[in-house]
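Listing of input_7.csv, CSV, C-alpha atoms
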```csv
chain,number,residue,atom,x,y,z
A,1087,MET,CA,10.8,14.8,-12.6
A,1088,ILE,CA,7.5,16.3,-13.8
A,1089,GLU,CA,7.8,19.4,-16.0
A,1090,ALA,CA,5.1,22.1,-16.4
A,1091,ASP,CA,4.7,21.4,-20.1
A,1092,ASN,CA,3.6,17.8,-19.2
A,1093,ILE,CA,0.4,19.4,-17.9
A,1094,SER,CA,-2.0,21.2,-20.2
A,1095,THR,CA,-2.5,24.8,-19.4
A,1096,ASP,CA,-5.0,25.6,-22.1
A,1097,ASN,CA,-8.0,25.9,-19.8
A,1098,ALA,CA,-9.0,28.6,-17.3
A,1099,PHE,CA,-8.9,27.8,-13.5
A,1100,PRO,CA,-11.6,25.0,-13.3
A,1101,THR,CA,-13.9,24.1,-10.4
A,1102,PRO,CA,-13.2,20.7,-8.9
A,1103,THR,CA,-16.0,19.0,-10.8
A,1104,GLU,CA,-14.9,20.6,-14.0
A,1105,PHE,CA,-11.4,19.4,-13.4
A,1106,VAL,CA,-12.5,15.8,-12.9
A,1107,ASP,CA,-14.6,16.1,-16.1
A,1108,GLU,CA,-11.5,17.3,-18.0
A,1109,VAL,CA,-9.3,14.5,-16.5
A,1110,TRP,CA,-11.9,11.9,-17.5
A,1111,GLN,CA,-12.1,13.2,-21.0
A,1112,ALA,CA,-8.3,13.1,-21.3
A,1113,ASN,CA,-8.3,9.5,-20.0
A,1114,GLU,CA,-11.0,8.5,-22.5
A,1115,GLN,CA,-8.9,10.1,-25.3
A,1116,ALA,CA,-5.9,8.1,-24.2
A,1117,ALA,CA,-8.0,4.9,-24.1
A,1118,GLU,CA,-9.4,5.5,-27.6
A,1119,ARG,CA,-5.9,6.2,-28.9
A,1120,CYS,CA,-4.1,3.3,-27.2
A,1121,GLY,CA,-6.9,0.8,-26.5
A,1122,THR,CA,-7.7,-0.5,-23.1
A,1123,ILE,CA,-6.4,-3.5,-21.1
A,1124,ASP,CA,-8.0,-4.7,-17.9
A,1125,ARG,CA,-6.3,-6.4,-15.0
A,1126,ASP,CA,-8.4,-7.7,-12.1
A,1127,PHE,CA,-7.3,-8.2,-8.5
A,1128,CYS,CA,-9.1,-9.6,-5.4
A,1129,ILE,CA,-8.1,-7.4,-2.4
A,1130,GLY,CA,-9.9,-8.1,0.9
A,1131,GLY,CA,-12.5,-10.2,-1.0
A,1132,ARG,CA,-13.4,-7.4,-3.4
A,1133,ILE,CA,-12.6,-7.2,-7.1
A,1134,ILE,CA,-10.6,-4.2,-8.0
A,1135,ARG,CA,-10.1,-3.5,-11.7
A,1136,LEU,CA,-7.1,-1.6,-13.2
A,1137,ARG,CA,-8.1,-0.3,-16.7
A,1138,PHE,CA,-5.0,0.7,-18.6
A,1139,ALA,CA,-4.9,2.9,-21.7
A,1140,GLY,CA,-2.1,1.1,-23.5
A,1141,THR,CA,0.7,-1.0,-21.9
A,1142,GLU,CA,3.2,1.5,-20.6
A,1143,LEU,CA,2.2,1.4,-17.0
A,1144,ILE,CA,1.1,-2.2,-16.6
A,1145,ALA,CA,4.4,-3.7,-15.3
A,1146,PRO,CA,5.4,-0.8,-13.0
A,1147,VAL,CA,2.1,-0.8,-11.0
A,1148,THR,CA,1.0,-4.5,-11.1
A,1149,SER,CA,4.1,-6.3,-9.8
A,1150,ALA,CA,3.2,-5.6,-6.2
A,1151,LEU,CA,-0.3,-6.9,-6.7
A,1152,ALA,CA,0.5,-10.0,-8.7
A,1153,HIS,CA,-0.2,-12.4,-5.9
A,1154,LEU,CA,-3.8,-11.2,-5.8
A,1155,THR,CA,-4.5,-11.5,-9.6
A,1156,HIS,CA,-8.1,-12.6,-10.2
A,1157,LEU,CA,-8.6,-14.8,-13.2
A,1158,SER,CA,-12.1,-15.8,-14.1
A,1159,SER,CA,-13.7,-17.1,-17.3
A,1160,SER,CA,-17.0,-15.6,-16.2
A,1161,VAL,CA,-18.0,-12.0,-16.5
A,1162,VAL,CA,-16.7,-10.0,-13.5
A,1163,HIS,CA,-18.3,-6.8,-12.2
A,1164,PRO,CA,-15.6,-5.0,-10.3
A,1165,GLU,CA,-16.5,-3.0,-7.2
A,1166,LEU,CA,-13.9,-0.4,-8.0
A,1167,THR,CA,-12.2,0.5,-11.3
A,1168,ILE,CA,-9.1,2.6,-11.4
A,1169,HIS,CA,-8.5,4.2,-14.8
A,1170,ILE,CA,-4.9,4.6,-15.7
A,1171,TRP,CA,-3.0,6.4,-18.5
A,1172,ASP,CA,0.3,8.0,-19.3
A,1173,THR,CA,1.3,10.9,-21.5
A,1174,ARG,CA,4.4,9.5,-23.1
A,1175,SER,CA,2.7,6.6,-25.0
A,1176,SER,CA,-0.6,8.3,-25.6
A,1177,ASN,CA,0.5,11.9,-26.2
A,1178,ILE,CA,-2.5,13.0,-24.1
A,1179,LYS,CA,-1.5,15.5,-21.4
A,1180,MET,CA,-2.9,15.8,-17.9
A,1181,PRO,CA,-5.3,18.7,-17.8
A,1182,PHE,CA,-4.5,21.9,-15.9
A,1183,ILE,CA,-4.2,21.2,-12.1
A,1184,PRO,CA,-5.0,24.3,-10.0
A,1185,LEU,CA,-1.9,25.2,-8.0
A,1186,TRP,CA,-0.4,21.7,-8.6
A,1187,ASN,CA,2.8,22.6,-6.9
A,1188,ASP,CA,1.1,23.5,-3.6
A,1189,CYS,CA,0.7,20.2,-1.8
A,1190,SER,CA,0.4,19.1,1.8
A,1191,GLU,CA,3.0,16.8,3.3
A,1192,ARG,CA,0.8,13.8,2.4
A,1193,GLY,CA,0.7,15.0,-1.3
A,1194,GLN,CA,-2.8,16.4,-1.3
A,1195,VAL,CA,-3.2,19.4,-3.7
A,1196,ARG,CA,-4.4,22.1,-1.4
A,1197,ALA,CA,-6.6,23.7,-4.1
A,1198,PHE,CA,-9.0,20.8,-3.5
A,1199,THR,CA,-8.9,20.9,0.3
A,1200,HIS,CA,-12.5,22.2,0.6
A,1201,SER,CA,-13.9,19.8,-1.9
A,1202,SER,CA,-14.9,16.1,-1.5
A,1203,ILE,CA,-12.7,15.5,-4.6
A,1204,SER,CA,-9.2,14.5,-3.8
A,1205,VAL,CA,-6.2,15.1,-6.0
A,1206,THR,CA,-2.9,13.7,-4.8
A,1207,ARG,CA,0.6,14.2,-6.1
A,1208,LEU,CA,3.5,11.9,-5.3
A,1209,THR,CA,6.3,14.1,-4.0
A,1210,ALA,CA,8.8,15.0,-6.8
A,1211,ALA,CA,7.2,12.6,-9.2
A,1212,GLY,CA,5.2,13.0,-12.3
A,1213,VAL,CA,2.3,11.0,-10.9
A,1214,PHE,CA,-1.2,12.2,-9.8
A,1215,SER,CA,-4.3,10.4,-8.6
A,1216,VAL,CA,-7.8,11.7,-8.7
A,1217,TRP,CA,-10.7,10.5,-6.5
A,1218,ASP,CA,-14.3,11.7,-6.9
A,1219,PRO,CA,-16.4,9.8,-4.2
A,1220,ALA,CA,-19.7,11.1,-5.6
A,1221,ARG,CA,-19.1,9.3,-8.9
A,1222,GLN,CA,-16.9,6.6,-7.4
A,1223,LEU,CA,-14.4,7.6,-10.1
A,1224,ALA,CA,-10.7,6.8,-9.6
A,1225,ILE,CA,-8.1,8.0,-12.1
A,1226,TYR,CA,-4.3,7.6,-12.0
A,1227,TRP,CA,-1.9,9.4,-14.3
A,1228,ALA,CA,1.8,9.3,-14.8
A,1229,TYR,CA,3.8,11.2,-17.4
A,1230,SER,CA,5.7,7.9,-18.1
A,1231,ALA,CA,6.7,4.7,-16.5
A,1232,ASP,CA,10.1,6.3,-15.7
A,1233,GLU,CA,8.4,8.8,-13.4
A,1234,ILE,CA,7.1,6.1,-11.1
A,1235,PRO,CA,9.6,5.8,-8.2
A,1236,SER,CA,10.4,2.5,-6.5
A,1237,TYR,CA,8.4,3.3,-3.4
A,1238,GLU,CA,5.3,3.7,-5.6
A,1239,ARG,CA,6.0,0.6,-7.5
A,1240,GLY,CA,6.2,-1.3,-4.2
A,1241,ALA,CA,2.9,0.0,-2.9
A,1242,PRO,CA,0.9,1.6,-5.8
A,1243,PHE,CA,-2.5,3.3,-5.5
A,1244,ARG,CA,-2.3,3.7,-1.7
A,1245,GLY,CA,-4.3,6.9,-1.6
A,1246,LEU,CA,-7.0,5.7,-4.0
A,1247,LEU,CA,-7.4,2.3,-2.2
A,1248,GLN,CA,-7.5,4.0,1.2
A,1249,ALA,CA,-10.1,6.5,0.1
A,1250,TRP,CA,-12.3,3.7,-1.4
A,1251,TRP,CA,-11.8,1.2,1.4
A,1252,ARG,CA,-12.7,3.7,4.2
A,1253,ALA,CA,-16.2,3.9,2.6
A,1254,GLN,CA,-16.3,0.1,2.9
A,1255,SER,CA,-15.3,0.1,6.6
A,1256,GLY,CA,-11.8,-1.0,5.8
A,1257,LEU,CA,-8.6,0.6,6.9
A,1258,MET,CA,-5.3,0.8,5.1
A,1259,LEU,CA,-2.5,0.5,7.7
A,1260,HIS,CA,1.2,1.2,7.6
A,1261,ALA,CA,2.0,-2.1,9.3
A,1262,GLY,CA,3.5,-5.5,8.8
A,1263,ALA,CA,1.5,-8.7,9.0
A,1264,ILE,CA,2.6,-12.3,9.3
A,1265,GLY,CA,0.7,-15.4,10.3
A,1266,SER,CA,0.1,-19.1,10.8
A,1267,LYS,CA,-2.9,-21.4,10.2
A,1268,GLN,CA,-4.2,-19.9,13.5
A,1269,GLY,CA,-4.3,-16.3,12.3
A,1270,ALA,CA,-2.2,-13.2,11.9
A,1271,ALA,CA,0.0,-10.9,14.0
A,1272,LEU,CA,0.0,-7.2,13.1
A,1273,LEU,CA,3.4,-5.6,13.5
A,1274,VAL,CA,3.0,-1.9,14.3
A,1275,GLY,CA,5.2,1.1,15.1
A,1276,LYS,CA,7.2,3.9,13.5
A,1277,GLY,CA,9.9,3.2,10.9
A,1278,GLY,CA,13.1,1.6,12.2
A,1279,VAL,CA,11.6,-0.4,15.1
A,1280,GLY,CA,12.1,-3.7,13.3
A,1281,LYS,CA,8.7,-4.4,11.6
A,1282,SER,CA,10.2,-5.5,8.3
A,1283,THR,CA,13.0,-7.5,9.9
A,1284,ALA,CA,10.4,-9.4,12.0
A,1285,ALA,CA,8.1,-10.0,9.1
A,1286,LEU,CA,10.9,-11.2,6.8
A,1287,ALA,CA,12.4,-13.5,9.5
A,1288,CYS,CA,9.0,-15.1,10.0
A,1289,MET,CA,8.6,-15.5,6.2
A,1290,GLU,CA,12.1,-17.2,6.0
A,1291,ALA,CA,11.0,-19.6,8.7
A,1292,GLY,CA,8.0,-20.7,6.7
A,1293,MET,CA,5.2,-18.5,8.2
A,1294,HIS,CA,2.5,-16.9,6.0
A,1295,TYR,CA,3.4,-13.5,4.7
A,1296,LEU,CA,0.9,-10.7,4.2
A,1297,SER,CA,2.8,-7.5,4.5
A,1298,ASP,CA,6.0,-5.8,5.7
A,1299,ASP,CA,4.7,-2.2,5.1
A,1300,TYR,CA,1.1,-1.7,4.2
A,1301,CYS,CA,-1.9,-4.0,4.7
A,1302,LEU,CA,-5.7,-3.7,4.9
A,1303,LEU,CA,-7.7,-4.2,8.1
A,1304,THR,CA,-11.4,-4.9,8.3
A,1305,HIS,CA,-13.0,-5.1,11.8
A,1306,GLN,CA,-16.5,-6.3,11.2
A,1307,PRO,CA,-17.7,-8.8,12.3
A,1308,GLN,CA,-14.2,-9.8,13.5
A,1309,PRO,CA,-10.8,-8.2,12.9
A,1310,GLU,CA,-9.2,-9.5,9.7
A,1311,VAL,CA,-5.9,-8.6,8.0
A,1312,HIS,CA,-5.7,-8.6,4.2
A,1313,SER,CA,-2.6,-8.6,2.1
A,1314,VAL,CA,-2.4,-5.8,-0.5
A,1315,TYR,CA,1.2,-5.9,-1.8
A,1316,CYS,CA,3.7,-8.7,-2.2
A,1317,SER,CA,6.6,-6.3,-2.0
A,1318,ALA,CA,9.3,-6.2,0.7
A,1319,LYS,CA,11.7,-3.4,1.4
A,1320,ILE,CA,14.9,-3.8,3.3
A,1321,TYR,CA,18.2,-2.0,3.6
A,1322,ALA,CA,21.0,-3.5,1.4
A,1323,ALA,CA,23.2,-4.1,4.5
A,1324,ASP,CA,20.5,-6.5,5.9
A,1325,LEU,CA,20.0,-8.6,2.8
A,1326,GLN,CA,22.5,-11.2,4.0
A,1327,ARG,CA,20.1,-12.2,6.8
A,1328,PHE,CA,17.5,-13.3,4.3
A,1329,PRO,CA,18.8,-15.7,1.7
A,1330,SER,CA,15.6,-15.8,-0.4
A,1331,LEU,CA,15.6,-12.1,-1.1
A,1332,PRO,CA,18.7,-11.2,-3.3
A,1333,PRO,CA,17.4,-12.9,-6.4
A,1334,LEU,CA,14.1,-11.0,-6.1
A,1335,ILE,CA,15.6,-7.5,-6.0
A,1336,SER,CA,13.9,-5.3,-8.6
A,1337,ASN,CA,16.0,-2.1,-8.2
A,1338,PRO,CA,19.7,-3.1,-7.9
A,1339,GLN,CA,20.8,0.1,-9.5
A,1340,GLU,CA,19.2,2.1,-6.6
A,1341,LEU,CA,20.7,0.3,-3.7
A,1342,GLY,CA,23.1,3.1,-2.8
A,1343,GLU,CA,20.2,5.5,-2.3
A,1344,GLU,CA,17.1,3.4,-1.7
A,1345,LYS,CA,16.1,0.2,0.1
A,1346,ALA,CA,16.1,-3.0,-1.8
A,1347,LEU,CA,12.6,-3.5,-3.3
A,1348,CYS,CA,11.8,-7.2,-3.7
A,1349,PHE,CA,8.6,-8.7,-5.2
A,1350,LEU,CA,7.8,-11.9,-3.4
A,1351,ARG,CA,6.6,-14.9,-5.4
A,1352,HIS,CA,5.0,-18.2,-4.6
A,1353,GLY,CA,7.5,-21.0,-4.7
A,1354,SER,CA,10.5,-18.9,-3.7
A,1355,ASN,CA,10.3,-19.6,0.0
A,1356,CYS,CA,7.5,-17.0,0.2
A,1357,HIS,CA,4.2,-18.4,1.6
A,1358,LEU,CA,1.9,-15.6,0.6
A,1359,MET,CA,-1.5,-15.4,2.1
A,1360,PRO,CA,-4.4,-13.1,1.0
A,1361,SER,CA,-6.2,-12.9,4.3
A,1362,LEU,CA,-6.1,-14.1,7.9
A,1363,PRO,CA,-8.1,-13.4,11.1
A,1364,LEU,CA,-6.2,-11.0,13.4
A,1365,ARG,CA,-5.1,-12.7,16.6
A,1366,VAL,CA,-2.5,-10.4,18.1
A,1367,ILE,CA,-0.9,-6.9,17.8
A,1368,LEU,CA,2.9,-6.8,18.3
A,1369,LEU,CA,5.0,-3.7,18.9
A,1370,PRO,CA,8.5,-4.6,17.8
A,1371,ARG,CA,11.4,-2.9,19.4
A,1372,ILE,CA,15.1,-3.8,18.9
A,1373,SER,CA,16.9,-5.3,21.8
A,1374,SER,CA,20.7,-5.8,22.3
A,1375,CYS,CA,20.1,-9.3,23.6
A,1376,PRO,CA,20.3,-12.2,21.1
A,1377,HIS,CA,17.0,-13.8,22.2
A,1378,THR,CA,13.5,-12.4,21.5
A,1379,SER,CA,10.9,-12.0,24.2
A,1380,LEU,CA,7.2,-11.0,24.6
A,1381,LEU,CA,6.0,-8.4,27.2
A,1382,PRO,CA,2.4,-7.4,27.7
A,1383,ALA,CA,1.4,-4.0,26.2
A,1384,SER,CA,-1.8,-2.0,26.9
A,1385,PRO,CA,-4.3,-1.2,24.2
A,1386,MET,CA,-3.5,2.5,24.7
A,1387,THR,CA,0.2,1.8,24.0
A,1388,ALA,CA,-0.8,-0.1,20.8
A,1389,LEU,CA,-3.0,2.8,19.8
A,1390,GLN,CA,-0.2,5.2,20.3
A,1391,ALA,CA,2.2,3.1,18.2
A,1392,LEU,CA,-0.2,2.4,15.4
A,1393,ALA,CA,-2.2,5.6,14.9
A,1394,PRO,CA,0.6,8.1,14.0
A,1395,SER,CA,2.1,5.9,11.3
A,1396,ALA,CA,-1.3,5.0,9.9
A,1397,LEU,CA,-2.8,8.5,10.0
A,1398,LEU,CA,0.3,10.5,8.9
A,1399,GLN,CA,1.3,8.3,5.9
A,1400,LEU,CA,-1.9,8.3,4.0
A,1401,PRO,CA,-3.9,11.1,2.5
A,1402,GLU,CA,-7.5,11.6,3.8
A,1403,ALA,CA,-6.9,9.6,7.0
A,1404,GLY,CA,-8.6,11.0,10.1
A,1405,GLY,CA,-11.2,10.5,12.8
A,1406,THR,CA,-12.8,7.5,11.1
A,1407,GLU,CA,-9.6,5.6,11.0
A,1408,LEU,CA,-8.7,6.5,14.6
A,1409,SER,CA,-12.0,5.1,15.8
A,1410,SER,CA,-11.5,1.9,13.9
A,1411,ILE,CA,-8.0,1.5,15.3
A,1412,ARG,CA,-9.2,2.1,18.9
A,1413,GLU,CA,-11.8,-0.5,18.5
A,1414,VAL,CA,-9.4,-3.1,17.2
A,1415,VAL,CA,-6.7,-2.6,19.9
A,1416,THR,CA,-9.3,-3.3,22.5
A,1417,ARG,CA,-10.5,-6.5,20.9
A,1418,VAL,CA,-7.2,-8.4,20.5
A,1419,PRO,CA,-4.2,-8.9,22.9
A,1420,CYS,CA,-1.2,-6.6,22.5
A,1421,PHE,CA,2.5,-7.4,23.2
A,1422,TRP,CA,5.9,-5.8,23.0
A,1423,LEU,CA,8.1,-7.9,20.7
A,1424,GLU,CA,11.6,-7.4,22.1
A,1425,SER,CA,13.5,-8.4,18.9
A,1426,GLY,CA,16.9,-9.8,19.6
A,1427,SER,CA,20.0,-9.7,17.4
A,1428,ASP,CA,19.5,-13.3,16.4
A,1429,VAL,CA,16.6,-12.9,13.9
A,1430,GLN,CA,16.2,-16.6,13.6
A,1431,ARG,CA,14.7,-16.6,17.1
A,1432,ILE,CA,12.0,-14.1,16.2
A,1433,PRO,CA,9.5,-16.5,14.5
A,1434,GLN,CA,9.0,-18.8,17.6
A,1435,GLN,CA,8.0,-15.8,19.7
A,1436,VAL,CA,5.6,-14.6,17.0
A,1437,MET,CA,4.0,-18.0,16.7
A,1438,GLU,CA,3.6,-18.1,20.5
A,1439,ALA,CA,1.9,-14.7,20.5
A,1440,ILE,CA,-0.5,-15.8,17.7
A,1441,ALA,CA,-1.4,-18.9,19.7
A,1442,HIS,CA,-1.8,-16.9,23.0
A,1443,ASP,CA,-5.3,-17.4,24.5
```
Rewrite the structure of this file - the entire thing - as structure tokens.
Amino acid sequence: MIEADNISTDNAFPTPTEFVDEVWQANEQAAERCGTIDRDFCIGGRIIRLRFAGTELIAPVTSALAHLTHLSSSVVHPELTIHIWDTRSSNIKMPFIPLWNDCSERGQVRAFTHSSISVTRLTAAGVFSVWDPARQLAIYWAYSADEIPSYERGAPFRGLLQAWWRAQSGLMLHAGAIGSKQGAALLVGKGGVGKSTAALACMEAGMHYLSDDYCLLTHQPQPEVHSVYCSAKIYAADLQRFPSLPPLISNPQELGEEKALCFLRHGSNCHLMPSLPLRVILLPRISSCPHTSLLPASPMTALQALAPSALLQLPEAGGTELSSIREVVTRVPCFWLESGSDVQRIPQQVMEAIAHD
């Protein structure tokens, strides 16, 4: 848990621009003290660089991105760099954050509501992100690796990536995605409807895996789904359904309170795919029957299922995202996926939906 003395209070109440300047200076001090280490990742065809001050936070925030690691012997010019530092290893505090305890439900510090600058706090965690669109400056701070909760380790930098991608006409979605050589199915709906179960059942059956929780959607010139995280989250009671997952659990000590967090790897029955064209939108809902079936769904139904979970989960989401979602649901077919109790029957129906003409 973050404590007040982990944030410097030496300065007077700053303007948003002054605050970003102070955060940048603190980051530079940490980088000078600890040295910098770069890790590059290719997300949606764009190179994203994580620049760490020291090594403390590398493992906690890169495991979920490992499948998109970009290795190149040539000089790479990233399109976005996220600057990352922690206080424990650098002994550099986060500068004073105006009213840092006053946050919206999505974690946005309300003191910056009327500024283009976004400061986001993870609920009950000593982690903040700062985004200045005018300078394309992204900064991520944690007091220590211990402060990063499992849900952030499974899907790090969501707010920063969403803020940057929306300017690139991309949309971070709270949705699952699974596919075949013909394309991808997007699994949408509120929590508990069976998105993760359907995605993991398809993965176990040998289909391509892109996401069970968050993915990236681009819609020009054609809708395309991009993997962002190779993580999967599932209730401990459901692990027995998926034999490949137990060896990949990263948080066994938290299973009484949290979902199991698994980082999928190539070669462990996980066919990870960075991108696929979007062919169909599926709305899972749990059925008491053993078999799984497909029923037509209207674009409006798909919009109503997708928009709330996408817009309410991510800071800064709004009208731009809603317009993009509305365009996509009118361009691809939509179906209800009546998921039966026999999860091994789900993949065949998903394959048929992707192949639907």
| query | Could you list as a ChimeraX atom specification every residue that has an atom within 9 Å of (2.6, -17.3, 16.7), using the file's coordinates and counting all atoms listed in the file? | reply | /A:1264-1266,1268-1271,1293,1365-1366,1433-1442
| Expected answer as a PyMOL selection string: all residues with atoms within 12 Å of (2.1, 22.5, -3.8), only C-alpha atoms | chain A and resi 1183-1199+1205-1210
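Among the candidates A:Lys1179, A:Arg1244, A:Arg1239, A:Arg1221, the residue lying nearest to Ala1145 in chain A is A:Arg1239 (atoms considered: only C-alpha atoms).
Pairwise distance (CA of Phe1243 in chain A, CA of Ile1168 in chain A) equals 8.9 Å.
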| query | Which of these residues is nearest to Glu1238 in chain A, using only C-alpha atoms: A:Leu1341, A:Val1414, A:Ala1261, A:Ala1150? | reply |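 For Glu1238 in chain A, the nearest of the given residues is A:Ala1150.
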| message | What does the structure give for the distance between CA of Met1359 in chain A and CA of Val1147 in chain A, in Å to one decimal? | response |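 Computing it gives 19.9 Å between the two atoms.
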| request: Just the residues within 7 Å of range 1133-1136 of chain A, please, counting only C-alpha atoms, with nothing from its chain fewer than 2 positions along; format it as JSON, numbers by chain. | output: {"A": [1124, 1125, 1126, 1127, 1128, 1129, 1131, 1138, 1164, 1165, 1166, 1167, 1168, 1169]}
Write out the residues from the selection above, keeping C-alpha atoms, as a PDB file, in the coordinates of the input.
```
ATOM      1  CA  ASP A1124      -8.000  -4.700 -17.900  1.00  0.00           C
ATOM      2  CA  ARG A1125      -6.300  -6.400 -15.000  1.00  0.00           C
ATOM      3  CA  ASP A1126      -8.400  -7.700 -12.100  1.00  0.00           C
ATOM      4  CA  PHE A1127      -7.300  -8.200  -8.500  1.00  0.00           C
ATOM      5  CA  CYS A1128      -9.100  -9.600  -5.400  1.00  0.00           C
ATOM      6  CA  ILE A1129      -8.100  -7.400  -2.400  1.00  0.00           C
ATOM      7  CA  GLY A1131     -12.500 -10.200  -1.000  1.00  0.00           C
ATOM      8  CA  PHE A1138      -5.000   0.700 -18.600  1.00  0.00           C
ATOM      9  CA  PRO A1164     -15.600  -5.000 -10.300  1.00  0.00           C
ATOM     10  CA  GLU A1165     -16.500  -3.000  -7.200  1.00  0.00           C
ATOM     11  CA  LEU A1166     -13.900  -0.400  -8.000  1.00  0.00           C
ATOM     12  CA  THR A1167     -12.200   0.500 -11.300  1.00  0.00           C
ATOM     13  CA  ILE A1168      -9.100   2.600 -11.400  1.00  0.00           C
ATOM     14  CA  HIS A1169      -8.500   4.200 -14.800  1.00  0.00           C
TER      15      HIS A1169
END
```
